Every structure is written in structure tokens, then in C-alpha cells.
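**Student:** My structure file target-v7.cif, mmCIF, C-alpha atoms and all ligand atoms, is below:
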```
data_work
loop_
_atom_site.group_PDB
_atom_site.id
_atom_site.type_symbol
_atom_site.label_atom_id
_atom_site.label_comp_id
_atom_site.auth_asym_id
_atom_site.auth_seq_id
_atom_site.Cartn_x
_atom_site.Cartn_y
_atom_site.Cartn_z
ATOM 1 C CA MET A 17 -20.640 -23.708 4.986
ATOM 2 C CA ALA A 18 -22.919 -21.613 2.814
ATOM 3 C CA VAL A 19 -22.669 -17.891 3.390
ATOM 4 C CA LYS A 20 -24.076 -14.731 1.841
ATOM 5 C CA VAL A 21 -21.539 -12.349 0.362
ATOM 6 C CA ARG A 22 -22.231 -8.682 -0.273
ATOM 7 C CA ILE A 23 -20.469 -7.553 -3.457
ATOM 8 C CA PRO A 24 -19.442 -3.885 -3.923
ATOM 9 C CA THR A 25 -20.520 -2.030 -7.079
ATOM 10 C CA PRO A 26 -17.184 -2.113 -8.964
ATOM 11 C CA LEU A 27 -17.131 -5.940 -8.783
ATOM 12 C CA ARG A 28 -20.731 -6.569 -9.815
ATOM 13 C CA GLY A 29 -19.687 -6.848 -13.449
ATOM 14 C CA LEU A 30 -18.082 -10.134 -12.395
ATOM 15 C CA THR A 31 -21.209 -11.405 -10.584
ATOM 16 C CA ASN A 32 -23.736 -10.800 -13.364
ATOM 17 C CA GLY A 33 -24.798 -7.584 -11.686
ATOM 18 C CA GLN A 34 -25.703 -9.225 -8.390
ATOM 19 C CA GLY A 35 -25.059 -7.261 -5.192
ATOM 20 C CA GLU A 36 -25.352 -10.352 -3.035
ATOM 21 C CA VAL A 37 -24.205 -13.866 -3.910
ATOM 22 C CA GLU A 38 -23.811 -17.220 -2.197
ATOM 23 C CA ALA A 39 -20.477 -18.885 -1.613
ATOM 24 C CA ALA A 40 -19.162 -21.740 0.501
ATOM 25 C CA GLY A 41 -16.096 -22.442 2.605
ATOM 26 C CA ARG A 42 -14.907 -23.340 6.087
ATOM 27 C CA THR A 43 -12.821 -20.184 6.225
ATOM 28 C CA ILE A 44 -12.645 -16.841 4.422
ATOM 29 C CA GLY A 45 -9.697 -18.206 2.417
ATOM 30 C CA ASP A 46 -11.760 -21.219 1.250
ATOM 31 C CA MET A 47 -14.683 -18.975 0.462
ATOM 32 C CA LEU A 48 -12.507 -16.731 -1.727
ATOM 33 C CA VAL A 49 -11.429 -19.800 -3.722
ATOM 34 C CA ASP A 50 -15.074 -20.820 -4.138
ATOM 35 C CA LEU A 51 -16.006 -17.289 -5.145
ATOM 36 C CA GLU A 52 -13.243 -17.346 -7.774
ATOM 37 C CA ASN A 53 -14.599 -20.654 -9.167
ATOM 38 C CA ARG A 54 -18.063 -19.160 -9.480
ATOM 39 C CA TYR A 55 -16.984 -15.713 -10.675
ATOM 40 C CA PRO A 56 -13.578 -15.943 -12.351
ATOM 41 C CA GLY A 57 -11.403 -12.877 -11.917
ATOM 42 C CA ILE A 58 -12.842 -11.749 -8.596
ATOM 43 C CA LYS A 59 -10.018 -13.027 -6.367
ATOM 44 C CA GLU A 60 -7.281 -10.996 -8.014
ATOM 45 C CA ARG A 61 -9.343 -7.892 -7.353
ATOM 46 C CA LEU A 62 -9.397 -8.713 -3.639
ATOM 47 C CA CYS A 63 -6.008 -10.311 -3.029
ATOM 48 C CA ASP A 64 -2.453 -9.677 -4.187
ATOM 49 C CA GLU A 65 -0.226 -12.285 -5.873
ATOM 50 C CA ALA A 66 0.784 -13.688 -2.472
ATOM 51 C CA GLY A 67 -2.884 -14.187 -1.577
ATOM 52 C CA ASN A 68 -2.985 -11.395 1.004
ATOM 53 C CA LEU A 69 -6.002 -9.127 1.164
ATOM 54 C CA ARG A 70 -5.316 -5.899 -0.737
ATOM 55 C CA ARG A 71 -4.729 -2.880 1.454
ATOM 56 C CA PHE A 72 -7.846 -0.984 0.398
ATOM 57 C CA VAL A 73 -10.223 -3.951 0.596
ATOM 58 C CA ASN A 74 -12.003 -4.741 3.842
ATOM 59 C CA ILE A 75 -13.868 -7.997 4.502
ATOM 60 C CA TYR A 76 -16.325 -8.318 7.352
ATOM 61 C CA VAL A 77 -17.956 -11.409 8.820
ATOM 62 C CA ASN A 78 -21.147 -10.412 10.575
ATOM 63 C CA GLU A 79 -19.773 -6.871 10.650
ATOM 64 C CA GLU A 80 -16.453 -7.815 12.222
ATOM 65 C CA ASP A 81 -13.333 -6.905 10.280
ATOM 66 C CA ILE A 82 -11.392 -10.102 9.525
ATOM 67 C CA ARG A 83 -8.139 -8.188 10.128
ATOM 68 C CA PHE A 84 -9.129 -8.151 13.802
ATOM 69 C CA LYS A 85 -10.055 -11.861 13.677
ATOM 70 C CA GLN A 86 -7.876 -14.492 12.028
ATOM 71 C CA GLY A 87 -7.610 -12.880 8.597
ATOM 72 C CA SER A 88 -8.172 -15.384 5.797
ATOM 73 C CA ASP A 89 -8.206 -18.188 8.413
ATOM 74 C CA THR A 90 -11.319 -16.685 10.005
ATOM 75 C CA ALA A 91 -13.845 -19.533 10.365
ATOM 76 C CA LEU A 92 -17.278 -19.317 8.759
ATOM 77 C CA SER A 93 -20.580 -20.777 9.949
ATOM 78 C CA ASP A 94 -23.652 -21.552 7.907
ATOM 79 C CA GLY A 95 -25.636 -18.403 7.206
ATOM 80 C CA ASP A 96 -22.870 -15.924 8.070
ATOM 81 C CA ASP A 97 -23.050 -12.536 6.417
ATOM 82 C CA VAL A 98 -19.846 -11.641 4.618
ATOM 83 C CA SER A 99 -19.372 -8.114 3.287
ATOM 84 C CA ILE A 100 -16.660 -7.011 0.884
ATOM 85 C CA VAL A 101 -16.258 -3.272 1.330
ATOM 86 C CA PRO A 102 -13.691 -1.154 -0.497
ATOM 87 C CA ALA A 103 -12.009 1.441 1.695
ATOM 88 C CA ILE A 104 -12.779 5.083 1.074
ATOM 89 C CA ALA A 105 -9.471 6.844 0.700
ATOM 90 C CA GLY A 106 -7.544 9.285 -1.406
ATOM 91 C CA GLY A 107 -5.120 12.126 -1.367
ATOM 92 C CA MET B 3 -7.774 -4.206 -12.702
ATOM 93 C CA SER B 4 -8.726 -3.956 -16.370
ATOM 94 C CA ARG B 5 -11.793 -6.097 -15.766
ATOM 95 C CA ALA B 6 -13.529 -3.051 -14.323
ATOM 96 C CA ALA B 7 -13.614 -1.612 -17.830
ATOM 97 C CA HIS B 8 -17.213 -2.745 -18.291
ATOM 98 C CA LEU B 9 -18.344 0.026 -15.922
ATOM 99 C CA LYS B 10 -19.777 2.901 -17.874
ATOM 100 C CA TYR B 11 -20.520 6.437 -16.802
ATOM 101 C CA ASP B 12 -24.053 6.092 -18.187
ATOM 102 C CA ASP B 13 -24.778 3.151 -15.878
ATOM 103 C CA PHE B 14 -24.541 5.485 -12.897
ATOM 104 C CA VAL B 15 -25.618 8.852 -14.167
ATOM 105 C CA THR B 16 -28.865 9.916 -15.769
ATOM 106 C CA SER B 17 -28.089 13.027 -17.739
ATOM 107 C CA GLY B 18 -29.936 16.131 -16.660
ATOM 108 C CA VAL B 19 -30.396 14.970 -13.075
ATOM 109 C CA MET B 20 -28.320 16.939 -10.605
ATOM 110 C CA LEU B 21 -27.680 15.956 -7.018
ATOM 111 C CA ILE B 22 -29.407 18.436 -4.705
ATOM 112 C CA ILE B 23 -27.585 19.263 -1.466
ATOM 113 C CA PRO B 24 -29.748 21.347 0.889
ATOM 114 C CA SER B 25 -28.165 24.345 2.616
ATOM 115 C CA ASN B 26 -28.039 22.792 6.099
ATOM 116 C CA ILE B 27 -25.993 19.920 4.711
ATOM 117 C CA SER B 28 -23.700 21.988 2.512
ATOM 118 C CA SER B 29 -22.941 24.340 5.398
ATOM 119 C CA ALA B 30 -22.277 21.374 7.730
ATOM 120 C CA MET B 31 -19.870 20.009 5.120
ATOM 121 C CA LEU B 32 -18.008 23.327 4.792
ATOM 122 C CA GLU B 33 -17.845 23.680 8.584
ATOM 123 C CA HIS B 34 -16.275 20.230 8.767
ATOM 124 C CA VAL B 35 -13.673 21.267 6.192
ATOM 125 C CA LYS B 36 -12.830 24.440 8.171
ATOM 126 C CA ALA B 37 -12.807 22.682 11.552
ATOM 127 C CA ASP B 38 -10.271 20.092 10.411
ATOM 128 C CA PHE B 39 -8.008 22.532 8.533
ATOM 129 C CA PRO B 40 -5.027 22.218 7.982
ATOM 130 C CA PHE B 41 -5.784 18.482 7.873
ATOM 131 C CA GLU B 42 -7.862 16.692 5.265
ATOM 132 C CA CYS B 43 -11.378 15.836 6.366
ATOM 133 C CA CYS B 44 -13.730 13.274 4.837
ATOM 134 C CA GLY B 45 -17.392 12.360 4.991
ATOM 135 C CA LEU B 46 -20.395 10.831 3.280
ATOM 136 C CA LEU B 47 -23.673 12.186 1.957
ATOM 137 C CA ALA B 48 -26.689 9.917 1.680
ATOM 138 C CA GLY B 49 -30.217 10.251 0.429
ATOM 139 C CA LYS B 50 -32.742 9.003 -2.066
ATOM 140 C CA GLY B 51 -33.070 9.735 -5.771
ATOM 141 C CA ASP B 52 -31.467 13.105 -6.501
ATOM 142 C CA ALA B 53 -31.833 14.492 -2.953
ATOM 143 C CA VAL B 54 -29.271 14.343 -0.177
ATOM 144 C CA SER B 55 -30.831 14.097 3.286
ATOM 145 C CA HIS B 56 -28.003 12.924 5.574
ATOM 146 C CA ILE B 57 -24.396 13.901 6.214
ATOM 147 C CA TYR B 58 -21.910 11.697 8.041
ATOM 148 C CA ARG B 59 -18.678 13.302 9.229
ATOM 149 C CA MET B 60 -16.090 10.552 9.183
ATOM 150 C CA SER B 61 -12.709 10.223 10.892
ATOM 151 C CA ASN B 62 -9.635 10.535 8.719
ATOM 152 C CA THR B 63 -7.422 7.860 10.304
ATOM 153 C CA ASP B 64 -4.452 9.210 8.298
ATOM 154 C CA LYS B 65 -4.643 12.535 10.211
ATOM 155 C CA SER B 66 -2.794 14.009 7.270
ATOM 156 C CA LYS B 67 -2.640 17.257 5.295
ATOM 157 C CA VAL B 68 -2.327 15.344 2.017
ATOM 158 C CA THR B 69 -4.235 12.039 2.320
ATOM 159 C CA TYR B 70 -7.330 10.531 3.906
ATOM 160 C CA LEU B 71 -8.538 7.080 4.880
ATOM 161 C CA MET B 72 -11.991 6.763 6.390
ATOM 162 C CA ASP B 73 -12.047 4.738 9.579
ATOM 163 C CA PRO B 74 -13.227 1.322 8.254
ATOM 164 C CA ALA B 75 -15.234 0.416 11.370
ATOM 165 C CA GLU B 76 -17.017 3.749 11.261
ATOM 166 C CA GLN B 77 -17.646 3.273 7.534
ATOM 167 C CA MET B 78 -19.188 -0.148 8.194
ATOM 168 C CA ARG B 79 -21.478 1.283 10.887
ATOM 169 C CA VAL B 80 -22.626 4.119 8.638
ATOM 170 C CA PHE B 81 -23.261 1.781 5.691
ATOM 171 C CA LYS B 82 -25.365 -0.381 7.995
ATOM 172 C CA GLU B 83 -27.372 2.613 9.173
ATOM 173 C CA MET B 84 -27.872 3.725 5.577
ATOM 174 C CA ARG B 85 -29.229 0.283 4.684
ATOM 175 C CA SER B 86 -31.621 0.264 7.625
ATOM 176 C CA LEU B 87 -32.875 3.763 6.691
ATOM 177 C CA GLU B 88 -33.024 2.688 3.015
ATOM 178 C CA LEU B 89 -30.646 5.489 2.053
ATOM 179 C CA GLU B 90 -28.263 5.349 -0.879
ATOM 180 C CA LEU B 91 -24.687 6.572 -0.852
ATOM 181 C CA LYS B 92 -24.846 9.762 -2.900
ATOM 182 C CA ALA B 93 -21.501 11.464 -2.417
ATOM 183 C CA ILE B 94 -18.083 11.095 -0.840
ATOM 184 C CA TYR B 95 -16.463 14.375 0.191
ATOM 185 C CA HIS B 96 -12.985 15.303 1.331
ATOM 186 C CA SER B 97 -10.917 18.458 1.576
ATOM 187 C CA HIS B 98 -7.762 19.608 -0.161
ATOM 188 C CA PRO B 99 -5.984 22.000 2.204
ATOM 189 C CA ASN B 100 -4.027 24.452 0.035
ATOM 190 C CA HIS B 101 -4.568 22.347 -3.079
ATOM 191 C CA PRO B 102 -7.023 22.808 -5.945
ATOM 192 C CA ALA B 103 -10.500 21.213 -5.952
ATOM 193 C CA TRP B 104 -9.514 18.601 -8.501
ATOM 194 C CA PRO B 105 -8.970 14.812 -8.013
ATOM 195 C CA SER B 106 -5.384 13.908 -7.161
ATOM 196 C CA ARG B 107 -3.679 10.876 -8.643
ATOM 197 C CA THR B 108 -4.439 8.975 -5.401
ATOM 198 C CA ASP B 109 -8.099 10.039 -5.556
ATOM 199 C CA ILE B 110 -8.352 8.539 -9.044
ATOM 200 C CA GLU B 111 -6.453 5.391 -8.099
ATOM 201 C CA LEU B 112 -8.675 4.707 -5.072
ATOM 202 C CA ALA B 113 -12.084 5.661 -6.468
ATOM 203 C CA TYR B 114 -14.025 2.443 -5.845
ATOM 204 C CA TYR B 115 -17.506 3.955 -5.669
ATOM 205 C CA PRO B 116 -18.893 4.669 -9.157
ATOM 206 C CA GLU B 117 -22.348 5.216 -7.636
ATOM 207 C CA ALA B 118 -21.123 8.264 -5.698
ATOM 208 C CA VAL B 119 -20.256 11.817 -6.690
ATOM 209 C CA TYR B 120 -16.783 12.695 -5.431
ATOM 210 C CA ILE B 121 -16.919 16.160 -3.877
ATOM 211 C CA ILE B 122 -13.593 17.884 -3.273
ATOM 212 C CA ILE B 123 -13.431 21.088 -1.266
ATOM 213 C CA SER B 124 -10.270 23.113 -1.502
ATOM 214 C CA ILE B 125 -9.470 25.412 1.409
ATOM 215 C CA ASN B 126 -6.658 27.936 1.773
ATOM 216 C CA ASP B 127 -4.990 29.695 4.702
ATOM 217 C CA SER B 128 -7.635 32.449 4.594
ATOM 218 C CA ARG B 129 -10.270 29.701 5.008
ATOM 219 C CA GLU B 130 -11.656 30.420 1.537
ATOM 220 C CA THR B 131 -13.264 27.342 0.016
ATOM 221 C CA GLU B 132 -13.990 26.126 -3.476
ATOM 222 C CA VAL B 133 -16.066 23.060 -4.329
ATOM 223 C CA GLY B 134 -15.494 20.643 -7.203
ATOM 224 C CA SER B 135 -17.674 17.612 -7.987
ATOM 225 C CA PHE B 136 -16.788 14.629 -10.126
ATOM 226 C CA ARG B 137 -17.625 11.112 -11.171
ATOM 227 C CA ILE B 138 -14.518 8.926 -11.250
ATOM 228 C CA ILE B 139 -15.129 5.705 -13.188
ATOM 229 C CA ASN B 140 -12.418 3.464 -14.643
ATOM 230 C CA LYS B 141 -9.868 6.108 -13.596
ATOM 231 C CA GLU B 142 -11.582 8.686 -15.798
ATOM 232 C CA ILE B 143 -12.740 11.980 -14.324
ATOM 233 C CA THR B 144 -15.982 13.608 -15.444
ATOM 234 C CA VAL B 145 -17.007 16.933 -13.944
ATOM 235 C CA GLU B 146 -20.514 16.504 -12.566
ATOM 236 C CA ASP B 147 -22.420 19.579 -11.468
ATOM 237 C CA ILE B 148 -24.279 19.470 -8.187
ATOM 238 C CA ASP B 149 -26.934 21.802 -6.834
ATOM 239 C CA LEU B 150 -25.254 23.142 -3.697
ATOM 240 C CA GLN B 151 -27.943 25.127 -1.929
HETATM 241 ZN ZN ZN C 201 -8.150 14.341 -2.866
#
```
So that I can check it, write out the structure of this file as C-alpha cells.
**Tutor:**
Amino acid sequence: MAVKVRIPTPLRGLTNGQGEVEAAGRTIGDMLVDLENRYPGIKERLCDEAGNLRRFVNIYVNEEDIRFKQGSDTALSDGDDVSIVPAIAGG
Amino acid sequence: MSRAAHLKYDDFVTSGVMLIIPSNISSAMLEHVKADFPFECCGLLAGKGDAVSHIYRMSNTDKSKVTYLMDPAEQMRVFKEMRSLELELKAIYHSHPNHPAWPSRTDIELAYYPEAVYIIISINDSRETEVGSFRIINKEITVEDIDLQ
């Protein structure tokens, strides 16, 4: 499945400056592996060592938070819009 | 996280250009800070070029006096509206109840938006406020003046 992925500003150095890239995968987990193959270094920015999404990173499929779907097992369809959106937080 | 080191202050800031925040928006921001005291409040300012035209009061899901986390669903909705109105994210504001208007260690750690000015409004028990504005890139703080009208 080919999907469009919106990349947040701090990660665009890894995607040659592009704010939107293509990636493929049957699930979000697969897509993250594909994204890593295309843009090495990006996965560790999004996931911890155990492969879980980092706490202050949100991923949306067609504007739905994957935490309220099946997490990294969330299925993707051709043409889905995936957005990677860092949380806005502080102290 | 060291791979972010390619980000440079100059990529996001043109020297000499100051963000202009009109009086209706700066007073709405300060009212938000006072209304949520003694808790931290947070919000977004959007606009085009050097002018802010929109303010979005956001929910602090932490409901805390010392931290904030913008409601992610709300954030997504606002980002979508900004895209459809062709607005850019210009600033991220939050309050520091009874703490100085300077980025905390957590603020620096979680500053993922180099394109935005981080505005911090300190407020004390007498409801006196003080505004600080910063760029936080690669965990480095640069004071960035804004034109608060
Ligand atoms: Zn803070």
C-alpha cells in the first residue's frame, strides 16, 4: 500500500527537506520500516528501542490517532494520509 | 537525537524581522493566562509572514500548575484548519504560574517546533504578567523579540 506521509519540520533534515513523502506498508509498523529504509535514522526518532511509539510523537491515519486504533498494527489502504505530529508540551 | 543537529537558527529566522502580535490577540492571550491561573495554559498563534492573525486557546490535558500537554486531537484539528486557511504556525504560548518567563528544562527537551516562537508568560498571585519570547532549536535558547501590540 502506498501512502503519503506528512513529515514534521525537525525530521525534514532526514527527508531531504521534504514535508511530504511516500512510503509503503500494510500496517503503520510496516510503513515505519519502509520509511527507515528510505530515510535512515527516522525510525529511532519516532520509536523507542522496543519499537513503541515515543510518548511525545503522535501518528494519525486520515486524521485518526493510531493510539485509538490498533497502534502500529493499524492497517493502511492505498492513498491513506499519514501524519507524524510531535506533541506540543513542556513544563 | 543528535541527528537534529543540522537544524540551524538561521534556517527559521530572518534577522531584523519581528513577529507582530496585534493588541486583540495579545490581550486574548493574557486573558487566557489569567483565566487558567493557577494552572498552566497553552495555545497557538498563526498567521502569514511576520503577522499573527489567529489565536487558538488549547486545552492543557495535564491540568497542572507545572506542566502542559496540548490535547492532541484538538491540535490535529487546529493544524488542519490552519492548512485550509493557508496559515502558518507562528508561535506556541504557555504560562508559568509563579515561575519566571524563561524556558524550563522540560520546555527545552520538548521543543519540536523550530518554525515557531515559544512565548512564555509568567503570572504571579497578584495576576501580574511578564512575557518572554524565544526560539528553541537543538536544545539551545535564543531570545527573540516580538512586537506585542
Ligand atoms: Zn514552560
**Student:** For ligand ZN 201 (chain C), which of A:Leu92, A:Ile82, A:Ala105, A:Ile23 is the closest residue, counting only C-alpha atoms and all ligand atoms?
**Tutor:** A:Ala105
**Student:** Set the distance at 6 Å and use all atoms listed in the file: which residues neighbour stretch 69-73 of chain A once local chain neighbours fewer than 4 positions away are removed? I'd like the list as a PDB file with C-alpha atoms, in the frame of the given file.
**Tutor:**
```
ATOM      1  CA  LEU A  62      -9.397  -8.713  -3.639  1.00  0.00           C
ATOM      2  CA  CYS A  63      -6.008 -10.311  -3.029  1.00  0.00           C
ATOM      3  CA  ASP A  64      -2.453  -9.677  -4.187  1.00  0.00           C
ATOM      4  CA  PRO A 102     -13.691  -1.154  -0.497  1.00  0.00           C
ATOM      5  CA  ALA A 103     -12.009   1.441   1.695  1.00  0.00           C
TER       6      ALA A 103
END
```
**Student:** Using the chain letters and residue numbers of this document, give as a ChimeraX atom specification the residues selected by the PyMOL selection byres (((chain B and resi 65) around 10) and not hetatm).
**Tutor:** /B:38,40-43,61-64,66-71
**Student:** Can you list, as number ranges by chain, the residues that the PyMOL selection byres (((not hetatm)) within 12 of (chain C and resi 201)) selects here?
**Tutor:** A: 104-107; B: 41-44, 66-71, 94-113, 120-125, 133-136, 138
**Student:** For stretch 14-27 of chain B, work out the shell of residues within 12 Å, counting all atoms listed in the file and skipping chain neighbours fewer than 6 positions away, then give it as a PyMOL selection string.
**Tutor:** (chain A and resi 25-26) or (chain B and resi 33-34+45-59+91-93+95+115-121+135-139+144-151)
**Student:** Please dump the current selection as a compact mmCIF listing (two decimals), keeping the file's coordinate frame; keep C-alpha atoms.
**Tutor:**
```txt
# COMPACT_ATOMS: atom_id res chain seq x y z
CA THR A 25 -20.52 -2.03 -7.08
CA PRO A 26 -17.18 -2.11 -8.96
CA GLU B 33 -17.84 23.68 8.58
CA HIS B 34 -16.27 20.23 8.77
CA GLY B 45 -17.39 12.36 4.99
CA LEU B 46 -20.40 10.83 3.28
CA LEU B 47 -23.67 12.19 1.96
CA ALA B 48 -26.69 9.92 1.68
CA GLY B 49 -30.22 10.25 0.43
CA LYS B 50 -32.74 9.00 -2.07
CA GLY B 51 -33.07 9.74 -5.77
CA ASP B 52 -31.47 13.10 -6.50
CA ALA B 53 -31.83 14.49 -2.95
CA VAL B 54 -29.27 14.34 -0.18
CA SER B 55 -30.83 14.10 3.29
CA HIS B 56 -28.00 12.92 5.57
CA ILE B 57 -24.40 13.90 6.21
CA TYR B 58 -21.91 11.70 8.04
CA ARG B 59 -18.68 13.30 9.23
CA LEU B 91 -24.69 6.57 -0.85
CA LYS B 92 -24.85 9.76 -2.90
CA ALA B 93 -21.50 11.46 -2.42
CA TYR B 95 -16.46 14.38 0.19
CA TYR B 115 -17.51 3.96 -5.67
CA PRO B 116 -18.89 4.67 -9.16
CA GLU B 117 -22.35 5.22 -7.64
CA ALA B 118 -21.12 8.26 -5.70
CA VAL B 119 -20.26 11.82 -6.69
CA TYR B 120 -16.78 12.70 -5.43
CA ILE B 121 -16.92 16.16 -3.88
CA SER B 135 -17.67 17.61 -7.99
CA PHE B 136 -16.79 14.63 -10.13
CA ARG B 137 -17.62 11.11 -11.17
CA ILE B 138 -14.52 8.93 -11.25
CA ILE B 139 -15.13 5.70 -13.19
CA THR B 144 -15.98 13.61 -15.44
CA VAL B 145 -17.01 16.93 -13.94
CA GLU B 146 -20.51 16.50 -12.57
CA ASP B 147 -22.42 19.58 -11.47
CA ILE B 148 -24.28 19.47 -8.19
CA ASP B 149 -26.93 21.80 -6.83
CA LEU B 150 -25.25 23.14 -3.70
CA GLN B 151 -27.94 25.13 -1.93
```
**Student:** Complete stretch 118-135 of chain B with N, CA and C atoms (output as a short mmCIF file (atom, residue, chain, number, x, y, z; two decimals), keeping the file's coordinate frame).
**Tutor:**
```
data_model
loop_
_atom_site.label_atom_id
_atom_site.label_comp_id
_atom_site.auth_asym_id
_atom_site.auth_seq_id
_atom_site.Cartn_x
_atom_site.Cartn_y
_atom_site.Cartn_z
N ALA B 118 -21.19 7.02 -6.47
CA ALA B 118 -21.12 8.26 -5.70
C ALA B 118 -20.49 9.40 -6.50
N VAL B 119 -20.94 10.63 -6.18
CA VAL B 119 -20.26 11.82 -6.69
C VAL B 119 -19.10 12.09 -5.73
N TYR B 120 -17.93 12.34 -6.27
CA TYR B 120 -16.78 12.70 -5.43
C TYR B 120 -16.73 14.22 -5.32
N ILE B 121 -16.95 14.72 -4.10
CA ILE B 121 -16.92 16.16 -3.88
C ILE B 121 -15.58 16.51 -3.22
N ILE B 122 -14.89 17.46 -3.82
CA ILE B 122 -13.59 17.88 -3.27
C ILE B 122 -13.69 19.36 -2.94
N ILE B 123 -13.35 19.70 -1.70
CA ILE B 123 -13.43 21.09 -1.27
C ILE B 123 -12.02 21.58 -0.99
N SER B 124 -11.58 22.56 -1.78
CA SER B 124 -10.27 23.11 -1.50
C SER B 124 -10.43 24.23 -0.48
N ILE B 125 -9.43 24.37 0.38
CA ILE B 125 -9.47 25.41 1.41
C ILE B 125 -8.07 25.98 1.54
N ASN B 126 -7.99 27.32 1.65
CA ASN B 126 -6.66 27.94 1.77
C ASN B 126 -6.48 28.53 3.17
N ASP B 127 -5.32 29.15 3.38
CA ASP B 127 -4.99 29.70 4.70
C ASP B 127 -5.99 30.76 5.17
N SER B 128 -6.63 31.45 4.21
CA SER B 128 -7.64 32.45 4.59
C SER B 128 -9.01 31.81 4.79
N ARG B 129 -9.03 30.48 4.80
CA ARG B 129 -10.27 29.70 5.01
C ARG B 129 -11.28 29.92 3.87
N GLU B 130 -10.78 30.32 2.71
CA GLU B 130 -11.66 30.42 1.54
C GLU B 130 -11.80 29.03 0.95
N THR B 131 -13.02 28.69 0.53
CA THR B 131 -13.26 27.34 0.02
C THR B 131 -13.75 27.38 -1.43
N GLU B 132 -13.51 26.28 -2.11
CA GLU B 132 -13.99 26.13 -3.48
C GLU B 132 -14.38 24.66 -3.63
N VAL B 133 -15.55 24.43 -4.25
CA VAL B 133 -16.07 23.06 -4.33
C VAL B 133 -15.99 22.54 -5.76
N GLY B 134 -15.47 21.33 -5.91
CA GLY B 134 -15.49 20.64 -7.20
C GLY B 134 -16.24 19.33 -7.04
N SER B 135 -16.93 18.88 -8.10
CA SER B 135 -17.67 17.61 -7.99
C SER B 135 -17.47 16.78 -9.24
#
```
